[in-house]
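The data block below is my_file_11.cif; it holds mmCIF, C-alpha atoms.
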```cif
data_coords
#
loop_
_atom_site.label_atom_id
_atom_site.label_comp_id
_atom_site.auth_asym_id
_atom_site.auth_seq_id
_atom_site.Cartn_x
_atom_site.Cartn_y
_atom_site.Cartn_z
CA MET L 1 -4.76 -76.13 -114.88
CA PRO L 2 -5.85 -73.66 -117.63
CA ASN L 3 -9.27 -75.36 -117.76
CA ILE L 4 -10.08 -75.10 -114.05
CA PRO L 5 -12.58 -72.24 -113.58
CA LYS L 6 -12.09 -69.62 -110.90
CA THR L 7 -12.80 -71.37 -107.62
CA LYS L 8 -12.20 -71.25 -103.88
CA ILE L 9 -11.71 -75.00 -103.81
CA PRO L 10 -8.05 -75.67 -103.00
CA ILE L 11 -5.97 -77.06 -105.87
CA PHE L 12 -3.39 -79.79 -105.30
CA LEU L 13 -1.05 -79.98 -108.30
CA VAL L 14 1.03 -83.12 -108.82
CA GLU L 15 4.11 -82.54 -110.96
CA GLN L 16 5.10 -85.84 -112.57
CA VAL L 17 7.94 -84.08 -114.36
CA ILE L 18 9.26 -80.55 -114.80
CA GLU L 19 8.46 -80.18 -118.49
CA TYR L 20 10.65 -77.28 -119.50
CA LEU L 21 13.80 -79.11 -118.41
CA VAL L 22 13.04 -81.92 -120.85
CA TYR L 23 12.77 -79.58 -123.83
CA GLN L 24 15.71 -77.47 -122.67
CA ARG L 25 17.90 -80.59 -122.69
CA PHE L 26 16.55 -81.53 -126.13
CA VAL L 27 17.41 -78.12 -127.59
CA LYS L 28 20.90 -78.12 -126.08
CA GLY L 29 21.50 -81.57 -127.56
CA LEU L 30 20.67 -80.58 -131.14
CA PRO L 31 23.48 -81.06 -133.70
CA LYS L 32 25.74 -78.04 -134.19
CA TRP L 33 24.59 -77.58 -137.76
CA LEU L 34 21.09 -76.74 -136.45
CA PHE L 35 22.44 -73.82 -134.44
CA PHE L 36 20.14 -71.41 -136.27
CA LEU L 37 17.07 -73.12 -134.75
CA LYS L 38 18.20 -72.94 -131.15
CA PRO L 39 17.25 -69.31 -130.38
CA ALA L 40 13.67 -69.83 -131.58
CA LEU L 41 13.35 -73.13 -129.73
CA MET L 42 14.75 -71.61 -126.53
CA VAL L 43 11.94 -69.04 -126.69
CA ASP L 44 9.50 -71.94 -126.49
CA VAL L 45 11.46 -73.40 -123.58
CA PHE L 46 11.24 -70.05 -121.79
CA LYS L 47 7.47 -69.95 -122.36
CA ILE L 48 7.02 -73.45 -120.96
CA LYS L 49 9.08 -72.48 -117.91
CA TRP L 50 7.05 -69.30 -117.41
CA TRP L 51 3.70 -71.11 -117.58
CA GLU L 52 4.85 -73.92 -115.32
CA ARG L 53 5.85 -71.44 -112.61
CA TYR L 54 2.59 -69.51 -113.14
CA TYR L 55 0.45 -72.57 -112.49
CA TRP L 56 2.58 -73.75 -109.58
CA LYS L 57 1.66 -70.49 -107.86
CA ARG L 58 -2.05 -70.96 -108.59
CA ALA L 59 -2.10 -74.21 -106.65
CA LYS L 60 -2.47 -74.32 -102.87
CA ARG L 61 0.06 -77.13 -102.65
CA LEU L 62 2.27 -79.19 -104.93
CA ALA L 63 3.64 -82.71 -104.97
CA ALA L 64 6.90 -83.70 -106.64
CA MET L 65 8.10 -87.22 -107.38
CA SER L 66 11.53 -86.77 -105.79
CA ARG L 67 13.45 -84.60 -103.35
CA GLU L 68 15.51 -83.35 -106.29
CA ASP L 69 12.39 -82.11 -108.08
CA ARG L 70 11.04 -80.58 -104.87
CA ASP L 71 14.26 -78.66 -104.30
CA PHE L 72 14.34 -77.54 -107.92
CA ILE L 73 10.78 -76.16 -107.69
CA ARG L 74 11.57 -74.39 -104.41
CA ASN L 75 14.61 -72.74 -105.98
CA LEU L 76 12.35 -71.24 -108.65
CA ALA L 77 9.48 -70.43 -106.27
CA PRO L 78 10.69 -70.48 -102.64
CA LYS L 79 7.30 -69.75 -101.03
CA LEU L 80 5.56 -72.84 -102.42
CA GLN L 81 4.67 -75.78 -100.21
CA VAL L 82 5.89 -78.91 -101.99
CA ASP L 83 5.49 -82.47 -100.74
CA VAL L 84 7.46 -85.45 -101.99
CA VAL L 85 5.04 -88.23 -102.93
CA ALA L 86 7.01 -90.87 -104.81
CA ASN L 87 5.54 -93.11 -107.46
CA GLY L 88 4.68 -96.61 -106.35
CA VAL L 89 4.22 -100.00 -107.98
CA ASP L 90 1.80 -102.90 -107.67
CA ILE L 91 4.09 -105.31 -105.84
CA GLU L 92 1.66 -108.24 -105.90
CA TYR L 93 1.15 -107.94 -109.67
CA PHE L 94 4.84 -107.81 -110.57
CA ALA L 95 5.84 -110.40 -107.99
CA LYS L 96 3.97 -112.93 -110.14
CA THR L 97 6.49 -112.49 -112.95
CA LYS L 98 7.78 -115.86 -114.13
CA LYS L 99 11.56 -115.68 -114.40
CA GLN L 100 13.20 -117.83 -117.05
CA LYS L 101 16.86 -117.82 -117.98
CA PRO L 102 17.29 -116.48 -121.54
CA THR L 103 19.20 -118.61 -124.04
CA SER L 104 21.63 -115.68 -124.55
CA PRO L 105 22.59 -112.94 -122.06
CA THR L 106 19.84 -110.38 -122.62
CA VAL L 107 19.97 -106.66 -121.90
CA LEU L 108 16.54 -105.02 -121.61
CA PHE L 109 15.56 -101.41 -122.24
CA VAL L 110 12.00 -100.27 -121.48
CA GLY L 111 10.50 -96.93 -122.50
CA GLN L 112 7.50 -95.29 -124.15
CA PHE L 113 8.85 -93.58 -127.27
CA LYS L 114 6.55 -90.58 -127.39
CA TRP L 115 8.68 -89.38 -124.48
CA LEU L 116 11.83 -87.68 -125.79
CA PRO L 117 14.15 -88.81 -122.96
CA ASN L 118 13.49 -92.47 -123.89
CA ARG L 119 14.44 -91.84 -127.51
CA ASP L 120 17.62 -90.10 -126.40
CA ALA L 121 18.47 -92.96 -124.01
CA THR L 122 17.92 -95.56 -126.73
CA LYS L 123 20.23 -93.75 -129.13
CA PHE L 124 22.88 -93.48 -126.39
CA LEU L 125 22.47 -97.18 -125.61
CA VAL L 126 22.60 -98.53 -129.16
CA GLU L 127 25.25 -96.25 -130.61
CA GLU L 128 27.65 -95.81 -127.69
CA ILE L 129 27.08 -98.45 -125.00
CA TRP L 130 26.00 -101.55 -126.91
CA PRO L 131 29.14 -101.92 -129.07
CA LYS L 132 31.24 -101.95 -125.89
CA ILE L 133 29.08 -104.70 -124.38
CA LYS L 134 29.18 -106.77 -127.58
CA SER L 135 32.96 -106.54 -127.76
CA GLN L 136 33.11 -108.40 -124.44
CA ILE L 137 30.09 -110.71 -124.69
CA ILE L 138 29.71 -111.77 -128.31
CA ASN L 139 26.44 -113.68 -127.88
CA ALA L 140 24.67 -110.89 -125.93
CA LYS L 141 21.26 -109.69 -127.13
CA LEU L 142 19.55 -106.32 -126.71
CA TRP L 143 15.77 -106.15 -126.33
CA ILE L 144 14.20 -102.69 -126.69
CA VAL L 145 10.60 -102.63 -125.48
CA GLY L 146 8.27 -99.65 -125.73
CA ARG L 147 5.13 -98.40 -127.41
CA ASN L 148 5.21 -96.14 -130.47
CA PRO L 149 8.78 -96.78 -131.65
CA PRO L 150 9.57 -94.28 -134.45
CA ASP L 151 11.42 -95.24 -137.62
CA ASP L 152 14.81 -94.18 -136.30
CA ILE L 153 14.38 -96.61 -133.39
CA LEU L 154 12.99 -99.41 -135.58
CA ASN L 155 16.02 -99.03 -137.84
CA TYR L 156 18.22 -100.31 -135.02
CA ARG L 157 16.81 -103.83 -135.50
CA SER L 158 19.41 -106.46 -136.33
CA ASP L 159 20.36 -110.03 -135.50
CA ASP L 160 21.43 -108.85 -132.04
CA ILE L 161 18.90 -106.08 -131.42
CA ARG L 162 15.16 -106.64 -131.11
CA VAL L 163 12.75 -103.68 -131.07
CA ASP L 164 9.31 -104.59 -129.77
CA GLY L 165 6.45 -102.10 -129.62
CA GLY L 166 3.69 -104.55 -128.83
CA VAL L 167 4.46 -106.45 -125.63
CA GLU L 168 1.04 -107.02 -124.06
CA ASP L 169 2.36 -107.93 -120.63
CA ILE L 170 5.56 -106.13 -119.63
CA ARG L 171 6.23 -108.86 -117.07
CA LEU L 172 7.18 -111.16 -119.96
CA ALA L 173 10.06 -108.82 -120.82
CA TYR L 174 11.33 -108.55 -117.26
CA GLY L 175 10.96 -112.30 -116.82
CA SER L 176 13.18 -113.05 -119.83
CA ALA L 177 15.88 -110.41 -119.28
CA SER L 178 19.26 -110.76 -117.60
CA VAL L 179 19.52 -107.07 -116.68
CA LEU L 180 17.65 -103.79 -117.16
CA LEU L 181 19.86 -101.05 -118.60
CA ALA L 182 18.51 -97.51 -118.17
CA PRO L 183 20.98 -94.94 -119.58
CA ILE L 184 18.62 -92.00 -118.99
CA ARG L 185 20.20 -88.59 -119.60
CA ASN L 186 17.12 -86.36 -119.49
CA GLY L 187 13.75 -86.09 -117.76
CA ARG L 188 13.23 -85.76 -114.02
CA GLY L 189 10.97 -87.71 -111.66
CA THR L 190 10.67 -91.34 -110.66
CA LYS L 191 11.05 -93.86 -113.49
CA TYR L 192 8.40 -96.60 -113.45
CA LYS L 193 10.73 -98.96 -115.32
CA ILE L 194 13.10 -98.92 -112.34
CA LEU L 195 10.34 -99.70 -109.84
CA GLU L 196 9.02 -102.48 -112.10
CA ALA L 197 12.49 -104.01 -112.46
CA MET L 198 12.91 -103.91 -108.70
CA ALA L 199 9.52 -105.58 -108.19
CA THR L 200 10.36 -108.34 -110.68
CA GLN L 201 13.82 -108.89 -109.19
CA THR L 202 15.57 -107.87 -112.40
CA PRO L 203 19.10 -106.49 -111.82
CA ILE L 204 19.47 -102.81 -112.72
CA VAL L 205 22.24 -100.76 -114.30
CA GLY L 206 21.50 -97.09 -114.86
CA THR L 207 22.48 -93.45 -114.59
CA LYS L 208 21.93 -91.25 -111.55
CA LEU L 209 18.95 -89.71 -113.32
CA ALA L 210 17.42 -93.15 -113.92
CA ILE L 211 17.25 -93.92 -110.20
CA GLU L 212 16.33 -90.37 -109.13
CA GLY L 213 13.57 -90.25 -106.54
CA ILE L 214 14.22 -93.79 -105.31
CA ASN L 215 16.35 -94.49 -102.25
CA ILE L 216 18.67 -96.78 -104.18
CA GLN L 217 22.19 -97.20 -102.88
CA ALA L 218 24.70 -97.66 -105.68
CA GLY L 219 26.36 -101.05 -105.41
CA VAL L 220 23.67 -102.36 -103.06
CA HIS L 221 20.39 -102.15 -104.99
CA ALA L 222 21.72 -101.28 -108.47
CA LEU L 223 24.89 -100.33 -110.34
CA VAL L 224 25.08 -96.64 -111.21
CA SER L 225 27.38 -94.95 -113.75
CA GLN L 226 27.30 -92.03 -116.15
CA THR L 227 29.60 -92.68 -119.11
CA ALA L 228 29.03 -95.14 -121.94
CA GLU L 229 32.20 -97.02 -121.03
CA ASP L 230 31.26 -97.38 -117.35
CA LEU L 231 27.64 -98.33 -118.08
CA ALA L 232 28.87 -101.03 -120.46
CA SER L 233 31.38 -102.28 -117.90
CA GLN L 234 28.76 -102.47 -115.14
CA THR L 235 26.34 -104.29 -117.45
CA VAL L 236 29.00 -106.84 -118.38
CA LYS L 237 29.70 -107.34 -114.68
CA VAL L 238 26.07 -108.35 -114.08
CA LEU L 239 25.88 -110.51 -117.21
CA THR L 240 29.03 -112.46 -116.33
CA SER L 241 28.15 -112.86 -112.65
CA PRO L 242 24.52 -114.01 -112.26
CA ALA L 243 24.97 -114.52 -108.50
CA PHE L 244 26.05 -110.89 -108.09
CA GLY L 245 23.11 -109.75 -110.23
CA GLN L 246 20.71 -111.77 -108.08
CA LYS L 247 22.16 -110.22 -104.93
CA LEU L 248 21.42 -106.73 -106.31
CA ALA L 249 17.94 -107.80 -107.42
CA THR L 250 17.03 -109.28 -104.04
CA ALA L 251 18.11 -106.15 -102.18
CA ALA L 252 16.20 -103.97 -104.64
CA TYR L 253 13.05 -106.06 -104.23
CA GLN L 254 13.19 -105.72 -100.45
CA LEU L 255 13.50 -101.93 -100.84
CA VAL L 256 10.61 -101.53 -103.27
CA ALA L 257 8.35 -103.85 -101.28
CA ARG L 258 8.98 -101.85 -98.12
CA ASP L 259 8.96 -98.25 -99.34
CA TYR L 260 7.29 -98.06 -102.77
CA ASN L 261 4.26 -100.31 -102.57
CA TRP L 262 0.90 -98.76 -103.41
CA GLN L 263 -0.40 -99.09 -99.85
CA ARG L 264 2.40 -96.99 -98.38
CA ILE L 265 2.26 -94.40 -101.15
CA SER L 266 -1.53 -94.05 -100.91
CA GLU L 267 -1.32 -93.46 -97.17
CA LYS L 268 1.08 -90.56 -97.76
CA LEU L 269 -1.11 -89.15 -100.52
CA GLY L 270 -4.25 -89.53 -98.40
CA GLN L 271 -2.65 -87.52 -95.60
CA VAL L 272 -1.82 -84.69 -98.00
CA TYR L 273 -5.38 -84.72 -99.42
CA GLN L 274 -6.78 -84.29 -95.91
CA GLU L 275 -4.47 -81.37 -95.19
CA VAL L 276 -5.18 -79.65 -98.52
CA GLY L 277 -8.91 -80.10 -97.97
CA GLY L 278 -8.69 -78.26 -94.69
CA ARG L 279 -9.49 -81.07 -92.25
#
```

As structure tokens, please, write out the structure in this file.
Amino acid sequence: MPNIPKTKIPIFLVEQVIEYLVYQRFVKGLPKWLFFLKPALMVDVFKIKWWERYYWKRAKRLAAMSREDRDFIRNLAPKLQVDVVANGVDIEYFAKTKKQKPTSPTVLFVGQFKWLPNRDATKFLVEEIWPKIKSQIINAKLWIVGRNPPDDILNYRSDDIRVDGGVEDIRLAYGSASVLLAPIRNGRGTKYKILEAMATQTPIVGTKLAIEGINIQAGVHALVSQTAEDLASQTVKVLTSPAFGQKLATAAYQLVARDYNWQRISEKLGQVYQEVGGR
């Protein structure tokens, strides 16, 4: 937005995520002994929030990834016109995933590690959720997949935990996993990993934030919990009952194929383009 010259051409701004909320959550989650840094960092958060609102108002129209994001933007700037245009997924591509039963029950986490919410979720998973799963399923394995894993993530590697930053075809990970676990605690918008898991018929356990923007019904398309104990319990439920996991995965696939395929999403986006362009 700062690089667009003054123009009468209407601007359609797509907000993949509300940035300041991500950094605000990061600052609030800092250890207590770093209290002296928080005031300075919150100044940066305030600046990000100010500039986001400034550029929202420069656009003729906005698109958010979820109803929650749309409502959040409207609360900050009530006069803005905001459409909900969800992310979609290439159903045909992911439907070709070859599913093979892993030799050990395998929990999968997927996330790009330059994104702070994925690093936070991984720490939450490994340090608080995983020990509870292992206490009930001794031979379970955890597979963490994502580009650019930093040293603190790589240090989690062990006999039971695999950290892989170089999977060329993400379908291989979904095809070899028993369940996708997405303990996301920060970052708004639709999560591609959830749509991909749905398209590959991989059972899903996650937080409310993980499934945000997708019309998932808890207990029908995925299992949804918030605490480490409940997320572990729900994951164990899927791992010990493959038939139940498959039932969730089938329902999720039907949902993503119907409502989140690229064809349907592009039709919605095309309609908005026509309206913004004045036709």

Fill in: Counting all atoms listed in the file, the residue of L:Ser241, L:Gln217, L:Gln136, L:Gln24 that sits nearest Asn186 in chain L
L:Gln24

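With distances taken over all atoms listed in the file, L:Ala257 is the one residue among L:Leu30, L:Val14, L:Ile137, L:Ala257 lying closest to Tyr93 in chain L.
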
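Checking L:Asn148, L:Gln263, L:Thr202, L:Gln234 one by one against Gln112 in chain L, counting only C-alpha atoms, you find the shortest gap at L:Asn148.
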
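If you look at CA of Ser158 in chain L and CA of Val205 in chain L, they are 22.9 Å away from each other.
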
Fill in: Pick from L:Leu209, L:Leu248, L:Val236, L:Ala173 nearest to Asn139 in chain L, counting only C-alpha atoms
L:Val236

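CA of Arg264 in chain L lies 27.5 Å from CA of Met1 in chain L.
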
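The residues returned by the PyMOL selection byres ((chain L and resi 244) around 12) on the shown structure are Ser178, Val179, Thr202, Pro203, Ile204, Gly219, Val220, His221, Ala222, Leu223, Gln234, Thr235, Val236, Lys237, Val238, Leu239, Thr240, Ser241, Pro242, Ala243, Gly245, Gln246, Lys247, Leu248, Ala249, Thr250 and Ala251 of chain L.
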
Those selected residues, please, written with C-alpha atoms and delivered as a compact mmCIF listing (two decimals), keeping the file's coordinate frame.
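Output file out_16.txt follows:
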```
# COMPACT_ATOMS: atom_id res chain seq x y z
CA SER L 178 19.26 -110.76 -117.60
CA VAL L 179 19.52 -107.07 -116.68
CA THR L 202 15.57 -107.87 -112.40
CA PRO L 203 19.10 -106.49 -111.82
CA ILE L 204 19.47 -102.81 -112.72
CA GLY L 219 26.36 -101.05 -105.41
CA VAL L 220 23.67 -102.36 -103.06
CA HIS L 221 20.39 -102.15 -104.99
CA ALA L 222 21.72 -101.28 -108.47
CA LEU L 223 24.89 -100.33 -110.34
CA GLN L 234 28.76 -102.47 -115.14
CA THR L 235 26.34 -104.29 -117.45
CA VAL L 236 29.00 -106.84 -118.38
CA LYS L 237 29.70 -107.34 -114.68
CA VAL L 238 26.07 -108.35 -114.08
CA LEU L 239 25.88 -110.51 -117.21
CA THR L 240 29.03 -112.46 -116.33
CA SER L 241 28.15 -112.86 -112.65
CA PRO L 242 24.52 -114.01 -112.26
CA ALA L 243 24.97 -114.52 -108.50
CA GLY L 245 23.11 -109.75 -110.23
CA GLN L 246 20.71 -111.77 -108.08
CA LYS L 247 22.16 -110.22 -104.93
CA LEU L 248 21.42 -106.73 -106.31
CA ALA L 249 17.94 -107.80 -107.42
CA THR L 250 17.03 -109.28 -104.04
CA ALA L 251 18.11 -106.15 -102.18
```

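Evaluating the PyMOL selection byres ((chain L and resi 195) around 8) against the shown model yields Gly88, Val89, Lys191, Tyr192, Lys193, Ile194, Glu196, Ala197, Met198, Ala199, Val256 and Tyr260 of chain L.
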
Residues from the last selection, C-alpha atoms, saved as an mmCIF file, in the coordinates of the input:
```cif
data_model
loop_
_atom_site.group_PDB
_atom_site.id
_atom_site.type_symbol
_atom_site.label_atom_id
_atom_site.label_comp_id
_atom_site.auth_asym_id
_atom_site.auth_seq_id
_atom_site.Cartn_x
_atom_site.Cartn_y
_atom_site.Cartn_z
ATOM 1 C CA GLY L 88 4.680 -96.610 -106.350
ATOM 2 C CA VAL L 89 4.220 -100.000 -107.980
ATOM 3 C CA LYS L 191 11.050 -93.860 -113.490
ATOM 4 C CA TYR L 192 8.400 -96.600 -113.450
ATOM 5 C CA LYS L 193 10.730 -98.960 -115.320
ATOM 6 C CA ILE L 194 13.100 -98.920 -112.340
ATOM 7 C CA GLU L 196 9.020 -102.480 -112.100
ATOM 8 C CA ALA L 197 12.490 -104.010 -112.460
ATOM 9 C CA MET L 198 12.910 -103.910 -108.700
ATOM 10 C CA ALA L 199 9.520 -105.580 -108.190
ATOM 11 C CA VAL L 256 10.610 -101.530 -103.270
ATOM 12 C CA TYR L 260 7.290 -98.060 -102.770
#
```

Worksheet entry | the PyMOL selection byres ((chain L and resi 153) around 9) applied to the shown file, residues as a VMD selection string | chain L and resid 113 119 122 to 123 149 to 152 154 to 157 163

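Here CA of Asp259 in chain L and CA of Ala86 in chain L stand 9.4 Å from one another.
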
Taking N, CA and C atoms as the atom set, what does range 84-96 of chain L look like once completed, written as a PDB file, keeping the file's coordinate frame?
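Dumped to selection_36.pdb:
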```
ATOM      1  N   VAL L  84       6.894 -84.374-101.175  1.00  0.00           N
ATOM      2  CA  VAL L  84       7.460 -85.450-101.990  1.00  0.00           C
ATOM      3  C   VAL L  84       6.548 -86.668-101.831  1.00  0.00           C
ATOM      4  N   VAL L  85       5.880 -87.036-102.914  1.00  0.00           N
ATOM      5  CA  VAL L  85       5.040 -88.230-102.930  1.00  0.00           C
ATOM      6  C   VAL L  85       5.544 -89.095-104.082  1.00  0.00           C
ATOM      7  N   ALA L  86       6.366 -90.063-103.771  1.00  0.00           N
ATOM      8  CA  ALA L  86       7.010 -90.870-104.810  1.00  0.00           C
ATOM      9  C   ALA L  86       5.992 -91.735-105.556  1.00  0.00           C
ATOM     10  N   ASN L  87       6.351 -92.126-106.747  1.00  0.00           N
ATOM     11  CA  ASN L  87       5.540 -93.110-107.460  1.00  0.00           C
ATOM     12  C   ASN L  87       5.662 -94.463-106.752  1.00  0.00           C
ATOM     13  N   GLY L  88       4.644 -95.271-106.909  1.00  0.00           N
ATOM     14  CA  GLY L  88       4.680 -96.610-106.350  1.00  0.00           C
ATOM     15  C   GLY L  88       4.421 -97.647-107.420  1.00  0.00           C
ATOM     16  N   VAL L  89       4.403 -98.907-107.025  1.00  0.00           N
ATOM     17  CA  VAL L  89       4.220-100.000-107.980  1.00  0.00           C
ATOM     18  C   VAL L  89       3.371-101.085-107.329  1.00  0.00           C
ATOM     19  N   ASP L  90       2.633-101.802-108.162  1.00  0.00           N
ATOM     20  CA  ASP L  90       1.800-102.900-107.670  1.00  0.00           C
ATOM     21  C   ASP L  90       2.687-104.117-107.418  1.00  0.00           C
ATOM     22  N   ILE L  91       3.152-104.244-106.192  1.00  0.00           N
ATOM     23  CA  ILE L  91       4.090-105.310-105.840  1.00  0.00           C
ATOM     24  C   ILE L  91       3.508-106.693-106.129  1.00  0.00           C
ATOM     25  N   GLU L  92       2.273-106.911-105.734  1.00  0.00           N
ATOM     26  CA  GLU L  92       1.660-108.240-105.900  1.00  0.00           C
ATOM     27  C   GLU L  92       1.584-108.631-107.379  1.00  0.00           C
ATOM     28  N   TYR L  93       1.267-107.672-108.236  1.00  0.00           N
ATOM     29  CA  TYR L  93       1.150-107.940-109.670  1.00  0.00           C
ATOM     30  C   TYR L  93       2.506-108.333-110.263  1.00  0.00           C
ATOM     31  N   PHE L  94       3.529-107.545-109.966  1.00  0.00           N
ATOM     32  CA  PHE L  94       4.840-107.810-110.570  1.00  0.00           C
ATOM     33  C   PHE L  94       5.576-108.958-109.901  1.00  0.00           C
ATOM     34  N   ALA L  95       5.209-109.268-108.669  1.00  0.00           N
ATOM     35  CA  ALA L  95       5.840-110.400-107.990  1.00  0.00           C
ATOM     36  C   ALA L  95       5.463-111.729-108.646  1.00  0.00           C
ATOM     37  N   LYS L  96       4.413-111.720-109.448  1.00  0.00           N
ATOM     38  CA  LYS L  96       3.970-112.930-110.140  1.00  0.00           C
ATOM     39  C   LYS L  96       4.745-113.178-111.440  1.00  0.00           C
TER      40      LYS L  96
END
```
